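Participant: File model18.pdb below, PDB, C-alpha atoms:
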ATOM      1  CA  MET A   1      -8.608   5.790 -10.301
ATOM      2  CA  LYS A   2      -8.345   2.804  -7.942
ATOM      3  CA  ILE A   3      -6.780   3.347  -4.520
ATOM      4  CA  ILE A   4      -6.356   0.845  -1.705
ATOM      5  CA  ALA A   5      -6.207   2.191   1.855
ATOM      6  CA  TYR A   6      -4.615   0.257   4.721
ATOM      7  CA  GLY A   7      -4.781   0.691   8.479
ATOM      8  CA  VAL A   8      -8.157   2.408   8.236
ATOM      9  CA  ARG A   9      -9.684   3.319  11.573
ATOM     10  CA  VAL A  10     -13.398   3.825  12.201
ATOM     11  CA  ASP A  11     -12.965   7.595  12.442
ATOM     12  CA  GLU A  12     -11.190   7.712   9.070
ATOM     13  CA  ALA A  13     -13.610   5.504   7.157
ATOM     14  CA  GLN A  14     -16.285   8.160   6.743
ATOM     15  CA  TYR A  15     -13.811  10.632   5.259
ATOM     16  CA  LEU A  16     -12.397   8.046   2.853
ATOM     17  CA  THR A  17     -15.929   7.260   1.728
ATOM     18  CA  GLU A  18     -16.860  10.936   1.404
ATOM     19  CA  TRP A  19     -13.732  11.703  -0.632
ATOM     20  CA  ALA A  20     -14.422   8.801  -2.990
ATOM     21  CA  GLN A  21     -18.002   9.977  -3.512
ATOM     22  CA  GLU A  22     -16.945  13.588  -4.065
ATOM     23  CA  THR A  23     -14.194  12.758  -6.564
ATOM     24  CA  GLY A  24     -15.620   9.713  -8.300
ATOM     25  CA  ASN A  25     -12.573   7.595  -7.487
ATOM     26  CA  GLU A  26     -12.616   4.088  -6.038
ATOM     27  CA  VAL A  27     -11.166   3.600  -2.559
ATOM     28  CA  GLU A  28     -11.034   0.072  -1.125
ATOM     29  CA  GLN A  29     -10.629   0.193   2.641
ATOM     30  CA  HIS A  30      -8.864  -2.280   4.937
ATOM     31  CA  THR A  31      -8.291  -2.105   8.679
ATOM     32  CA  ASP A  32      -5.169  -4.281   8.376
ATOM     33  CA  TYR A  33      -1.750  -2.657   8.181
ATOM     34  CA  LEU A  34       0.389  -2.767   5.048
ATOM     35  CA  THR A  35       2.663  -5.796   5.516
ATOM     36  CA  ASP A  36       4.544  -8.375   3.479
ATOM     37  CA  GLU A  37       1.316 -10.393   3.358
ATOM     38  CA  THR A  38      -1.372  -7.728   2.909
ATOM     39  CA  VAL A  39       0.500  -5.938   0.130
ATOM     40  CA  GLU A  40      -0.775  -8.725  -2.134
ATOM     41  CA  TRP A  41      -4.228  -7.119  -1.955
ATOM     42  CA  ALA A  42      -2.867  -4.067  -3.794
ATOM     43  CA  LYS A  43      -2.469  -5.836  -7.126
ATOM     44  CA  GLY A  44      -4.489  -3.991  -9.739
ATOM     45  CA  PHE A  45      -4.612  -0.678  -7.885
ATOM     46  CA  ASP A  46      -3.072   2.645  -8.963
ATOM     47  CA  GLY A  47      -1.792   3.738  -5.566
ATOM     48  CA  ILE A  48      -1.614   2.861  -1.877
ATOM     49  CA  ASN A  49      -2.761   4.987   1.064
ATOM     50  CA  CYS A  50      -1.601   4.098   4.593
ATOM     51  CA  LEU A  51      -1.408   5.014   8.253
ATOM     52  CA  GLN A  52       0.747   2.992  10.627
ATOM     53  CA  THR A  53       3.718   3.312  12.960
ATOM     54  CA  THR A  54       4.991  -0.227  12.426
ATOM     55  CA  PRO A  55       7.631  -0.872   9.727
ATOM     56  CA  TYR A  56       7.073  -0.906   5.989
ATOM     57  CA  SER A  57       9.599  -3.528   4.889
ATOM     58  CA  ALA A  58      11.657  -3.878   1.728
ATOM     59  CA  LYS A  59       9.374  -6.748   0.694
ATOM     60  CA  VAL A  60       6.432  -4.332   0.535
ATOM     61  CA  PHE A  61       8.233  -2.137  -1.979
ATOM     62  CA  GLU A  62       9.458  -5.103  -3.974
ATOM     63  CA  ARG A  63       5.867  -6.313  -4.410
ATOM     64  CA  MET A  64       4.636  -2.813  -5.228
ATOM     65  CA  HIS A  65       7.226  -2.718  -7.999
ATOM     66  CA  ASP A  66       6.073  -6.120  -9.232
ATOM     67  CA  PHE A  67       2.484  -4.810  -9.377
ATOM     68  CA  GLY A  68       3.497  -1.620 -11.172
ATOM     69  CA  ILE A  69       2.465   0.592  -8.233
ATOM     70  CA  GLN A  70       4.743   3.610  -8.021
ATOM     71  CA  TYR A  71       3.080   5.693  -5.323
ATOM     72  CA  LEU A  72       2.548   5.380  -1.566
ATOM     73  CA  ALA A  73       0.764   8.201   0.258
ATOM     74  CA  ILE A  74       0.898   8.063   4.043
ATOM     75  CA  ARG A  75      -1.726   9.875   6.068
ATOM     76  CA  ASN A  76       0.752  10.973   8.757
ATOM     77  CA  VAL A  77       4.065  12.842   9.002
ATOM     78  CA  GLY A  78       6.768  10.465  10.216
ATOM     79  CA  THR A  79       8.755   8.285   7.824
ATOM     80  CA  ASP A  80      11.272   6.725  10.226
ATOM     81  CA  ASN A  81       9.369   3.406  10.044
ATOM     82  CA  ILE A  82       9.686   3.279   6.248
ATOM     83  CA  ASP A  83      12.587   1.547   4.510
ATOM     84  CA  LEU A  84      13.326   4.511   2.274
ATOM     85  CA  ALA A  85      16.354   2.851   0.695
ATOM     86  CA  ALA A  86      14.150  -0.019  -0.455
ATOM     87  CA  ALA A  87      11.504   2.390  -1.716
ATOM     88  CA  LYS A  88      14.147   4.136  -3.800
ATOM     89  CA  GLN A  89      15.549   0.834  -5.043
ATOM     90  CA  TYR A  90      12.130  -0.263  -6.296
ATOM     91  CA  GLY A  91      11.097   3.106  -7.691
ATOM     92  CA  VAL A  92       8.333   3.875  -5.207
ATOM     93  CA  ARG A  93       7.669   7.551  -4.498
ATOM     94  CA  ILE A  94       6.213   8.560  -1.153
ATOM     95  CA  SER A  95       4.217  11.515   0.108
ATOM     96  CA  ASN A  96       3.244  12.436   3.644
ATOM     97  CA  VAL A  97       0.984  14.992   5.318
ATOM     98  CA  PRO A  98       3.301  17.237   7.328
ATOM     99  CA  ALA A  99       0.675  19.747   8.426
ATOM    100  CA  TYR A 100      -2.690  18.095   8.965
ATOM    101  CA  SER A 101      -3.224  20.096  12.173
ATOM    102  CA  PRO A 102      -0.219  21.584  13.975
ATOM    103  CA  THR A 103      -2.666  23.088  16.463
ATOM    104  CA  ALA A 104      -3.912  19.673  17.600
ATOM    105  CA  ILE A 105      -0.460  18.446  18.593
ATOM    106  CA  ALA A 106       0.568  21.751  20.159
ATOM    107  CA  GLU A 107      -2.621  21.781  22.227
ATOM    108  CA  PHE A 108      -1.881  18.277  23.483
ATOM    109  CA  SER A 109       1.596  19.319  24.635
ATOM    110  CA  LEU A 110       0.096  22.305  26.402
ATOM    111  CA  THR A 111      -2.544  20.098  28.028
ATOM    112  CA  MET A 112       0.092  17.722  29.393
ATOM    113  CA  ALA A 113       2.227  20.619  30.628
ATOM    114  CA  LEU A 114      -0.659  22.110  32.617
ATOM    115  CA  TYR A 115      -1.688  18.712  34.005
ATOM    116  CA  LEU A 116       1.839  17.870  35.113
ATOM    117  CA  LEU A 117       2.746  21.286  36.500
ATOM    118  CA  ARG A 118      -0.357  21.171  38.725
ATOM    119  CA  ASN A 119       0.457  17.602  39.851
ATOM    120  CA  MET A 120      -2.951  16.328  38.837
ATOM    121  CA  GLY A 121      -1.732  12.742  38.601
ATOM    122  CA  GLN A 122      -0.787  12.757  42.276
ATOM    123  CA  VAL A 123      -4.094  14.431  43.142
ATOM    124  CA  GLN A 124      -6.047  11.756  41.311
ATOM    125  CA  GLU A 125      -4.007   8.992  42.920
ATOM    126  CA  ASN A 126      -4.887  10.296  46.391
ATOM    127  CA  LEU A 127      -8.550  10.704  45.546
ATOM    128  CA  HIS A 128      -8.776   7.155  44.184
ATOM    129  CA  ALA A 129      -7.266   6.004  47.493
ATOM    130  CA  ASN A 130      -9.947   7.985  49.397
ATOM    131  CA  ASP A 131      -7.250  10.324  50.725
ATOM    132  CA  TYR A 132      -9.043  13.641  50.309
ATOM    133  CA  VAL A 133      -6.671  15.492  52.643
ATOM    134  CA  GLY A 134      -3.578  14.190  50.875
ATOM    135  CA  ALA A 135      -5.004  15.255  47.522
ATOM    136  CA  GLY A 136      -4.802  18.865  48.676
ATOM    137  CA  THR A 137      -1.083  18.785  49.504
ATOM    138  CA  HIS A 138       0.450  18.805  46.011
ATOM    139  CA  ILE A 139       1.393  22.406  45.376
ATOM    140  CA  GLY A 140       1.726  23.228  41.727
ATOM    141  CA  ARG A 141       3.621  25.605  39.470
ATOM    142  CA  GLU A 142       2.109  28.250  37.214
ATOM    143  CA  LEU A 143       2.947  27.875  33.549
ATOM    144  CA  GLY A 144       3.246  31.635  33.171
ATOM    145  CA  LYS A 145       6.174  31.624  35.597
ATOM    146  CA  GLN A 146       8.133  28.926  33.762
ATOM    147  CA  THR A 147      10.760  29.000  31.056
ATOM    148  CA  VAL A 148       9.618  26.678  28.290
ATOM    149  CA  GLY A 149      12.179  25.282  25.867
ATOM    150  CA  VAL A 150      10.730  24.146  22.553
ATOM    151  CA  ILE A 151      13.015  21.903  20.494
ATOM    152  CA  GLY A 152      12.006  22.181  16.851
ATOM    153  CA  ALA A 153      10.401  25.322  15.463
ATOM    154  CA  GLY A 154       8.518  23.975  12.479
ATOM    155  CA  ARG A 155       4.757  24.263  12.071
ATOM    156  CA  ILE A 156       3.946  22.345  15.254
ATOM    157  CA  GLY A 157       6.735  23.885  17.291
ATOM    158  CA  ARG A 158       5.677  27.400  16.343
ATOM    159  CA  ALA A 159       2.063  26.658  17.253
ATOM    160  CA  ALA A 160       3.260  25.391  20.646
ATOM    161  CA  ILE A 161       5.452  28.454  21.154
ATOM    162  CA  GLN A 162       2.500  30.744  20.501
ATOM    163  CA  MET A 163       0.331  28.855  22.985
ATOM    164  CA  PHE A 164       2.938  28.824  25.740
ATOM    165  CA  GLN A 165       3.561  32.522  25.197
ATOM    166  CA  GLY A 166      -0.174  33.071  25.487
ATOM    167  CA  PHE A 167       0.011  31.742  29.031
ATOM    168  CA  GLY A 168       2.768  34.224  29.818
ATOM    169  CA  ALA A 169       5.666  31.767  29.817
ATOM    170  CA  LYS A 170       9.128  32.781  28.724
ATOM    171  CA  VAL A 171       9.764  30.661  25.642
ATOM    172  CA  ILE A 172      13.131  29.819  24.127
ATOM    173  CA  ALA A 173      13.675  27.529  21.169
ATOM    174  CA  TYR A 174      16.309  25.422  19.489
ATOM    175  CA  ASP A 175      16.198  24.416  15.850
ATOM    176  CA  PRO A 176      19.140  23.096  13.817
ATOM    177  CA  PHE A 177      17.878  25.204  10.908
ATOM    178  CA  PRO A 178      16.487  28.403  12.433
ATOM    179  CA  PRO A 179      14.898  30.867  10.026
ATOM    180  CA  LYS A 180      17.125  33.685   8.885
ATOM    181  CA  GLU A 181      14.350  36.235   9.208
ATOM    182  CA  ASP A 182      13.050  37.525  12.540
ATOM    183  CA  VAL A 183       9.998  35.438  13.442
ATOM    184  CA  GLY A 184       9.647  36.675  17.003
ATOM    185  CA  ILE A 185      11.225  33.586  18.579
ATOM    186  CA  THR A 186      14.292  33.548  20.822
ATOM    187  CA  PHE A 187      16.615  30.857  19.468
ATOM    188  CA  VAL A 188      19.414  29.487  21.667
ATOM    189  CA  PRO A 189      21.926  26.621  21.368
ATOM    190  CA  LEU A 190      20.571  23.254  22.477
ATOM    191  CA  ASN A 191      22.775  23.054  25.574
ATOM    192  CA  ASP A 192      21.603  26.492  26.685
ATOM    193  CA  LEU A 193      17.991  25.449  26.270
ATOM    194  CA  LEU A 194      18.546  22.289  28.303
ATOM    195  CA  ALA A 195      20.171  24.296  31.094
ATOM    196  CA  GLN A 196      17.544  27.057  31.246
ATOM    197  CA  ALA A 197      14.171  25.395  30.621
ATOM    198  CA  ASP A 198      11.725  24.343  33.322
ATOM    199  CA  VAL A 199       9.602  22.608  30.684
ATOM    200  CA  ILE A 200      11.088  20.995  27.558
ATOM    201  CA  ASP A 201       8.784  20.272  24.638
ATOM    202  CA  LEU A 202       9.943  18.156  21.673
ATOM    203  CA  HIS A 203       8.780  18.820  18.112
ATOM    204  CA  VAL A 204      11.511  17.452  15.843
ATOM    205  CA  PRO A 205      11.333  14.495  13.420
ATOM    206  CA  GLY A 206      12.529  11.030  14.362
ATOM    207  CA  ILE A 207      15.299  10.936  11.766
ATOM    208  CA  PRO A 208      18.492   9.014  12.610
ATOM    209  CA  GLU A 209      20.335  12.234  13.432
ATOM    210  CA  ASN A 210      17.838  12.868  16.235
ATOM    211  CA  ASP A 211      17.986   9.385  17.732
ATOM    212  CA  HIS A 212      18.320   9.798  21.524
ATOM    213  CA  LEU A 213      18.610  13.549  21.175
ATOM    214  CA  ILE A 214      17.648  13.548  24.843
ATOM    215  CA  ASP A 215      20.137  11.102  26.363
ATOM    216  CA  ALA A 216      21.830  10.752  29.748
ATOM    217  CA  GLY A 217      24.138  13.664  29.011
ATOM    218  CA  ALA A 218      21.214  15.873  28.050
ATOM    219  CA  PHE A 219      19.422  15.032  31.295
ATOM    220  CA  ASP A 220      22.577  15.909  33.222
ATOM    221  CA  ARG A 221      22.482  19.403  31.727
ATOM    222  CA  MET A 222      18.834  19.995  32.666
ATOM    223  CA  LYS A 223      17.534  21.860  35.686
ATOM    224  CA  GLN A 224      16.288  20.066  38.773
ATOM    225  CA  ASP A 225      12.529  19.326  38.594
ATOM    226  CA  VAL A 226      12.363  19.712  34.822
ATOM    227  CA  VAL A 227       9.216  18.591  32.988
ATOM    228  CA  ILE A 228       9.713  16.917  29.605
ATOM    229  CA  LEU A 229       7.086  16.444  26.896
ATOM    230  CA  ASN A 230       7.278  14.278  23.785
ATOM    231  CA  THR A 231       4.497  14.316  21.214
ATOM    232  CA  ALA A 232       6.939  13.888  18.305
ATOM    233  CA  ARG A 233       8.673  10.516  17.880
ATOM    234  CA  GLY A 234       9.602   7.833  20.389
ATOM    235  CA  ASN A 235      13.279   7.577  19.473
ATOM    236  CA  LEU A 236      14.010  11.174  20.526
ATOM    237  CA  ILE A 237      14.311  10.238  24.207
ATOM    238  CA  ASP A 238      16.570   7.572  25.660
ATOM    239  CA  THR A 239      13.894   5.925  27.785
ATOM    240  CA  GLN A 240      16.405   4.197  30.064
ATOM    241  CA  ALA A 241      17.956   7.583  30.848
ATOM    242  CA  LEU A 242      14.494   9.065  31.377
ATOM    243  CA  MET A 243      13.655   6.311  33.861
ATOM    244  CA  THR A 244      16.861   6.967  35.797
ATOM    245  CA  ASN A 245      16.028  10.640  36.100
ATOM    246  CA  LEU A 246      12.389  10.079  36.981
ATOM    247  CA  ARG A 247      13.402   7.691  39.736
ATOM    248  CA  SER A 248      15.956  10.132  41.128
ATOM    249  CA  GLY A 249      13.563  13.074  40.957
ATOM    250  CA  LYS A 250      15.747  15.107  38.609
ATOM    251  CA  VAL A 251      12.847  14.968  36.133
ATOM    252  CA  SER A 252       9.749  15.937  38.095
ATOM    253  CA  ALA A 253       7.286  14.834  35.421
ATOM    254  CA  ALA A 254       7.029  13.538  31.881
ATOM    255  CA  GLY A 255       4.364  13.518  29.203
ATOM    256  CA  ILE A 256       4.936  10.757  26.651
ATOM    257  CA  ASP A 257       2.603  10.399  23.678
ATOM    258  CA  THR A 258       5.244   8.613  21.584
ATOM    259  CA  TYR A 259       6.857   5.709  23.400
ATOM    260  CA  GLU A 260      10.323   4.579  22.313
ATOM    261  CA  TYR A 261       9.543   0.876  22.529
ATOM    262  CA  GLU A 262       6.211   1.095  20.753
ATOM    263  CA  THR A 263       5.787  -2.182  18.911
ATOM    264  CA  GLU A 264       3.169  -4.086  16.982
ATOM    265  CA  ASP A 265       2.610  -6.123  20.156
ATOM    266  CA  LEU A 266       1.633  -2.969  22.021
ATOM    267  CA  LEU A 267      -0.592  -1.793  19.191
ATOM    268  CA  SER A 268      -2.409  -5.137  19.184
ATOM    269  CA  LEU A 269      -2.616  -5.402  22.985
ATOM    270  CA  ALA A 270      -6.415  -5.459  23.027
ATOM    271  CA  ASP A 271      -6.459  -8.427  20.674
ATOM    272  CA  SER A 272      -3.497 -10.443  21.922
ATOM    273  CA  GLY A 273      -3.443  -9.605  25.622
ATOM    274  CA  ASN A 274       0.191 -10.665  25.815
ATOM    275  CA  PHE A 275       2.162  -7.410  25.748
ATOM    276  CA  ASN A 276       4.831  -7.350  28.443
ATOM    277  CA  ASP A 277       7.084  -4.354  28.953
ATOM    278  CA  GLU A 278       8.373  -3.626  32.451
ATOM    279  CA  ILE A 279       9.324  -0.045  31.592
ATOM    280  CA  TRP A 280       5.876   0.704  30.159
ATOM    281  CA  ASP A 281       4.263  -0.749  33.292
ATOM    282  CA  GLU A 282       6.510   1.321  35.553
ATOM    283  CA  LEU A 283       5.780   4.522  33.642
ATOM    284  CA  LEU A 284       2.064   3.747  33.682
ATOM    285  CA  ALA A 285       2.155   3.417  37.471
ATOM    286  CA  MET A 286       3.870   6.774  38.021
ATOM    287  CA  PRO A 287       1.418   9.557  38.924
ATOM    288  CA  ASN A 288       3.882  12.152  37.610
ATOM    289  CA  VAL A 289       3.880  10.605  34.131
ATOM    290  CA  VAL A 290       1.222  10.962  31.458
ATOM    291  CA  LEU A 291       1.265   8.170  28.882
ATOM    292  CA  ALA A 292      -0.856   8.436  25.759
ATOM    293  CA  PRO A 293      -1.144   6.064  22.778
ATOM    294  CA  HIS A 294       0.109   8.371  20.030
ATOM    295  CA  ILE A 295      -3.039  10.533  20.024
ATOM    296  CA  ALA A 296      -1.718  14.090  20.197
ATOM    297  CA  TYR A 297      -2.857  14.693  16.624
ATOM    298  CA  TYR A 298      -6.252  13.074  17.160
ATOM    299  CA  THR A 299      -8.982  15.621  16.440
ATOM    300  CA  THR A 300     -11.762  15.643  13.874
ATOM    301  CA  THR A 301     -10.008  18.421  11.971
ATOM    302  CA  ALA A 302      -6.731  16.519  11.835
ATOM    303  CA  VAL A 303      -8.277  13.211  10.754
ATOM    304  CA  HIS A 304     -10.247  14.881   7.956
ATOM    305  CA  ASN A 305      -7.117  16.634   6.686
ATOM    306  CA  MET A 306      -4.959  13.510   6.922
ATOM    307  CA  VAL A 307      -7.372  11.589   4.722
ATOM    308  CA  TYR A 308      -8.158  14.313   2.194
ATOM    309  CA  PHE A 309      -4.606  15.662   1.836
ATOM    310  CA  SER A 310      -3.055  12.197   1.438
ATOM    311  CA  LEU A 311      -5.580  11.101  -1.168
ATOM    312  CA  GLN A 312      -5.059  14.321  -3.101
ATOM    313  CA  ASN A 313      -1.326  13.535  -3.052
ATOM    314  CA  LEU A 314      -2.052  10.249  -4.841
ATOM    315  CA  VAL A 315      -4.185  12.034  -7.431
ATOM    316  CA  ASP A 316      -1.401  14.556  -8.019
ATOM    317  CA  PHE A 317       1.224  11.809  -8.301
ATOM    318  CA  ILE A 318      -0.803   9.821 -10.796
ATOM    319  CA  GLN A 319      -2.187  12.689 -12.866
ATOM    320  CA  LYS A 320       0.628  15.251 -12.689
ATOM    321  CA  GLY A 321       3.669  13.164 -11.770
ATOM    322  CA  SER A 322       4.365  15.114  -8.588
ATOM    323  CA  ALA A 323       2.911  15.889  -5.167
ATOM    324  CA  ASP A 324       3.498  19.006  -3.091
ATOM    325  CA  THR A 325       4.529  17.034  -0.020
ATOM    326  CA  GLU A 326       6.573  14.297  -1.656
ATOM    327  CA  VAL A 327       9.174  12.896   0.727
ATOM    328  CA  LYS A 328      12.647  13.517  -0.660
ATOM    329  CA  PHE A 329      15.190  10.777  -0.047
TER     330      PHE A 329
END
Could you write out this file's structure as structure tokens?

Facilitator:
Amino acid sequence: MKIIAYGVRVDEAQYLTEWAQETGNEVEQHTDYLTDETVEWAKGFDGINCLQTTPYSAKVFERMHDFGIQYLAIRNVGTDNIDLAAAKQYGVRISNVPAYSPTAIAEFSLTMALYLLRNMGQVQENLHANDYVGAGTHIGRELGKQTVGVIGAGRIGRAAIQMFQGFGAKVIAYDPFPPKEDVGITFVPLNDLLAQADVIDLHVPGIPENDHLIDAGAFDRMKQDVVILNTARGNLIDTQALMTNLRSGKVSAAGIDTYEYETEDLLSLADSGNFNDEIWDELLAMPNVVLAPHIAYYTTTAVHNMVYFSLQNLVDFIQKGSADTEVKF
């Protein structure tokens, strides 16, 4: 079986190589993303394996169809950057890896919550300015005394709930499709969660229905000094509304691992040096904001599982005609 892998990072390469050696399949690796141009390299392969947050265009699926390639296995969860209508039009079936390590992402949310509640950004800012006395003036809040509202109670959300509960926090959750059975989670309507939570943690997919789930109206319903965390998808938060509420102090802190205006320019910043985004720069300068480059998932366990699970999906597609985590659309 011949597989071509795009967007391969250094940390993934060893696992792609190991999997190929263990299974006897051929995996050709490329660091470039899957684009209208690079899709030409896939001619002659049985399936495509990818990881990227930039768009997969209709042209990609048209060329896959021309090459007789029916299967695309992505190494991540989100599909909002994929033209699913075009994939369907050209007969391309897609799989993802929805549970490579829920713990990794939940831990990252918890880490940001603790950092922000203890005002460590302000502390570091003072220390870097040689203001040792000022660094000791930022009184924090204990996580165990907070009400944490988790939006989305899937695998990642439930892992986060368990961790926050472990610190003694009162945890409430909202999910549009809560389980019918008792799973030990207190579910409330979204507006109630927004009104009650001291910390709001997002773990829902970036589907169109969730676009700007947290908008100006949602911020209006939140408590003063709320902390908001987003390790899910960038489109969940209206960034302009977030900026307004950070500037006013209504939102005391924010942890953003998925930035709404994430673009290919930002991803290639090190190479091009020409990324300009005033909002990004303002957020980056705020000591009460943690920005991260989409790394909440990034652990050795998660990377191994992303590679191995996604490649197994291609094997299952090709050999059995189905994959357990096929994306339905």

Participant: Quick check on the file I pasted: which residues fall under the PyMOL selection byres ((chain A and resi 105-119) around 9)? Write them as a compact mmCIF listing (two decimals) with C-alpha atoms, in the frame of the given file.

Facilitator:
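What follows is the written file expr06.txt:
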# COMPACT_ATOMS: atom_id res chain seq x y z
CA SER A 101 -3.22 20.10 12.17
CA PRO A 102 -0.22 21.58 13.98
CA THR A 103 -2.67 23.09 16.46
CA ALA A 104 -3.91 19.67 17.60
CA MET A 120 -2.95 16.33 38.84
CA GLY A 121 -1.73 12.74 38.60
CA GLN A 122 -0.79 12.76 42.28
CA VAL A 123 -4.09 14.43 43.14
CA GLN A 124 -6.05 11.76 41.31
CA HIS A 138 0.45 18.80 46.01
CA ILE A 139 1.39 22.41 45.38
CA GLY A 140 1.73 23.23 41.73
CA ARG A 141 3.62 25.60 39.47
CA GLU A 142 2.11 28.25 37.21
CA LEU A 143 2.95 27.88 33.55
CA ILE A 156 3.95 22.34 15.25
CA GLY A 157 6.74 23.88 17.29
CA ARG A 158 5.68 27.40 16.34
CA ALA A 159 2.06 26.66 17.25
CA ALA A 160 3.26 25.39 20.65
CA ILE A 161 5.45 28.45 21.15
CA MET A 163 0.33 28.86 22.98
CA PHE A 164 2.94 28.82 25.74
CA VAL A 199 9.60 22.61 30.68
CA ASP A 201 8.78 20.27 24.64
CA LEU A 202 9.94 18.16 21.67
CA HIS A 203 8.78 18.82 18.11
CA VAL A 227 9.22 18.59 32.99
CA ILE A 228 9.71 16.92 29.60
CA LEU A 229 7.09 16.44 26.90
CA ASN A 230 7.28 14.28 23.78
CA THR A 231 4.50 14.32 21.21
CA ALA A 232 6.94 13.89 18.30
CA SER A 252 9.75 15.94 38.10
CA ALA A 253 7.29 14.83 35.42
CA ALA A 254 7.03 13.54 31.88
CA GLY A 255 4.36 13.52 29.20
CA ILE A 256 4.94 10.76 26.65
CA PRO A 287 1.42 9.56 38.92
CA ASN A 288 3.88 12.15 37.61
CA VAL A 289 3.88 10.60 34.13
CA VAL A 290 1.22 10.96 31.46
CA ILE A 295 -3.04 10.53 20.02
CA ALA A 296 -1.72 14.09 20.20
CA TYR A 297 -2.86 14.69 16.62
CA TYR A 298 -6.25 13.07 17.16

Participant: Distance table requested - region 4-64 of chain A against region 301-308 of chain A, cut-off 12 Å, only C-alpha atoms: one row per qualifying residue with the closest atom pair and its distance in Å to one decimal, ordered by chain and rising residue number, as JSON lines.

Facilitator:
{"residue": "A:Ala5", "atom": "CA", "partner": "A:Val307", "partner_atom": "CA", "distance": 9.9}
{"residue": "A:Tyr6", "atom": "CA", "partner": "A:Val307", "partner_atom": "CA", "distance": 11.7}
{"residue": "A:Gly7", "atom": "CA", "partner": "A:Val307", "partner_atom": "CA", "distance": 11.8}
{"residue": "A:Val8", "atom": "CA", "partner": "A:Val307", "partner_atom": "CA", "distance": 9.9}
{"residue": "A:Arg9", "atom": "CA", "partner": "A:Val303", "partner_atom": "CA", "distance": 10.0}
{"residue": "A:Val10", "atom": "CA", "partner": "A:Val303", "partner_atom": "CA", "distance": 10.8}
{"residue": "A:Asp11", "atom": "CA", "partner": "A:Val303", "partner_atom": "CA", "distance": 7.5}
{"residue": "A:Glu12", "atom": "CA", "partner": "A:Val303", "partner_atom": "CA", "distance": 6.4}
{"residue": "A:Ala13", "atom": "CA", "partner": "A:Val307", "partner_atom": "CA", "distance": 9.0}
{"residue": "A:Gln14", "atom": "CA", "partner": "A:His304", "partner_atom": "CA", "distance": 9.1}
{"residue": "A:Tyr15", "atom": "CA", "partner": "A:His304", "partner_atom": "CA", "distance": 6.2}
{"residue": "A:Leu16", "atom": "CA", "partner": "A:Val307", "partner_atom": "CA", "distance": 6.4}
{"residue": "A:Thr17", "atom": "CA", "partner": "A:Val307", "partner_atom": "CA", "distance": 10.0}
{"residue": "A:Glu18", "atom": "CA", "partner": "A:Tyr308", "partner_atom": "CA", "distance": 9.4}
{"residue": "A:Trp19", "atom": "CA", "partner": "A:Tyr308", "partner_atom": "CA", "distance": 6.8}
{"residue": "A:Ala20", "atom": "CA", "partner": "A:Tyr308", "partner_atom": "CA", "distance": 9.8}
{"residue": "A:Glu22", "atom": "CA", "partner": "A:Tyr308", "partner_atom": "CA", "distance": 10.8}
{"residue": "A:Thr23", "atom": "CA", "partner": "A:Tyr308", "partner_atom": "CA", "distance": 10.7}
{"residue": "A:Val27", "atom": "CA", "partner": "A:Val307", "partner_atom": "CA", "distance": 11.5}
{"residue": "A:Asn49", "atom": "CA", "partner": "A:Val307", "partner_atom": "CA", "distance": 8.8}
{"residue": "A:Cys50", "atom": "CA", "partner": "A:Val307", "partner_atom": "CA", "distance": 9.5}
{"residue": "A:Leu51", "atom": "CA", "partner": "A:Met306", "partner_atom": "CA", "distance": 9.3}

Participant: For each of A:Val183, A:Glu28, A:Met243, A:Gly152, take the minimum atom-to-atom distance to Ile200 (chain A), counting all atoms listed in the file, then give the residue where this is smallest.

Facilitator: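 Checking each candidate against Ile200 (chain A), we get A:Gly152 as the closest.
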
Participant: Spell out the residues picked by the PyMOL selection byres ((chain A and resi 172-174) around 8) here, as a VMD selection string.

Facilitator: chain A and resid 147 to 153 170 to 171 175 to 176 178 185 to 190 193 197

Participant: Listing only residues of region 158-220 of chain A within 7 Å of region 76-81 of chain A, what is the closest atom pair and its distance in Å (to one decimal) for each, using all atoms listed in the file, sorted by chain and residue number ascending, as a tab-separated table?

Facilitator:
residue	atom	partner	partner_atom	distance
A:Pro205	CA	A:Gly78	CA	6.9
A:Gly206	CA	A:Asp80	CA	6.1
A:Ile207	CA	A:Asp80	CA	6.0

Participant: What separation in Å, quoted to one decimal, exists between CA of His294 (chain A) and CA of Glu278 (chain A)?

Facilitator: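 We find that CA of His294 (chain A) and CA of Glu278 (chain A) lie 19.1 Å from each other.
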
Participant: Report, as AutoDock Vina command-line options, the axis-aligned box around all atoms of region 80-92 of chain A present in the file, extended by 6 Å on each side; give centre and edge lengths in Å to one decimal place.

Facilitator:
--center_x 12.3 --center_y 3.2 --center_z 1.3 --size_x 20.0 --size_y 19.0 --size_z 29.9

Participant: Could you list the residues chosen by the PyMOL selection byres ((chain A and resi 215) around 9) in this structure as a list in words?

Facilitator: His212, Leu213, Ile214, Ala216, Gly217, Ala218, Phe219, Asp220, Leu236, Ile237, Asp238, Thr239, Gln240, Ala241 and Leu242 of chain A

Participant: Selection from above, C-alpha atoms, as a short mmCIF file (atom, residue, chain, number, x, y, z; two decimals), keeping the file's coordinate frame, can you write it?

Facilitator:
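Contents of the output file part.cif:
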data_model
loop_
_atom_site.label_atom_id
_atom_site.label_comp_id
_atom_site.auth_asym_id
_atom_site.auth_seq_id
_atom_site.Cartn_x
_atom_site.Cartn_y
_atom_site.Cartn_z
CA HIS A 212 18.32 9.80 21.52
CA LEU A 213 18.61 13.55 21.18
CA ILE A 214 17.65 13.55 24.84
CA ALA A 216 21.83 10.75 29.75
CA GLY A 217 24.14 13.66 29.01
CA ALA A 218 21.21 15.87 28.05
CA PHE A 219 19.42 15.03 31.30
CA ASP A 220 22.58 15.91 33.22
CA LEU A 236 14.01 11.17 20.53
CA ILE A 237 14.31 10.24 24.21
CA ASP A 238 16.57 7.57 25.66
CA THR A 239 13.89 5.92 27.78
CA GLN A 240 16.40 4.20 30.06
CA ALA A 241 17.96 7.58 30.85
CA LEU A 242 14.49 9.06 31.38
#
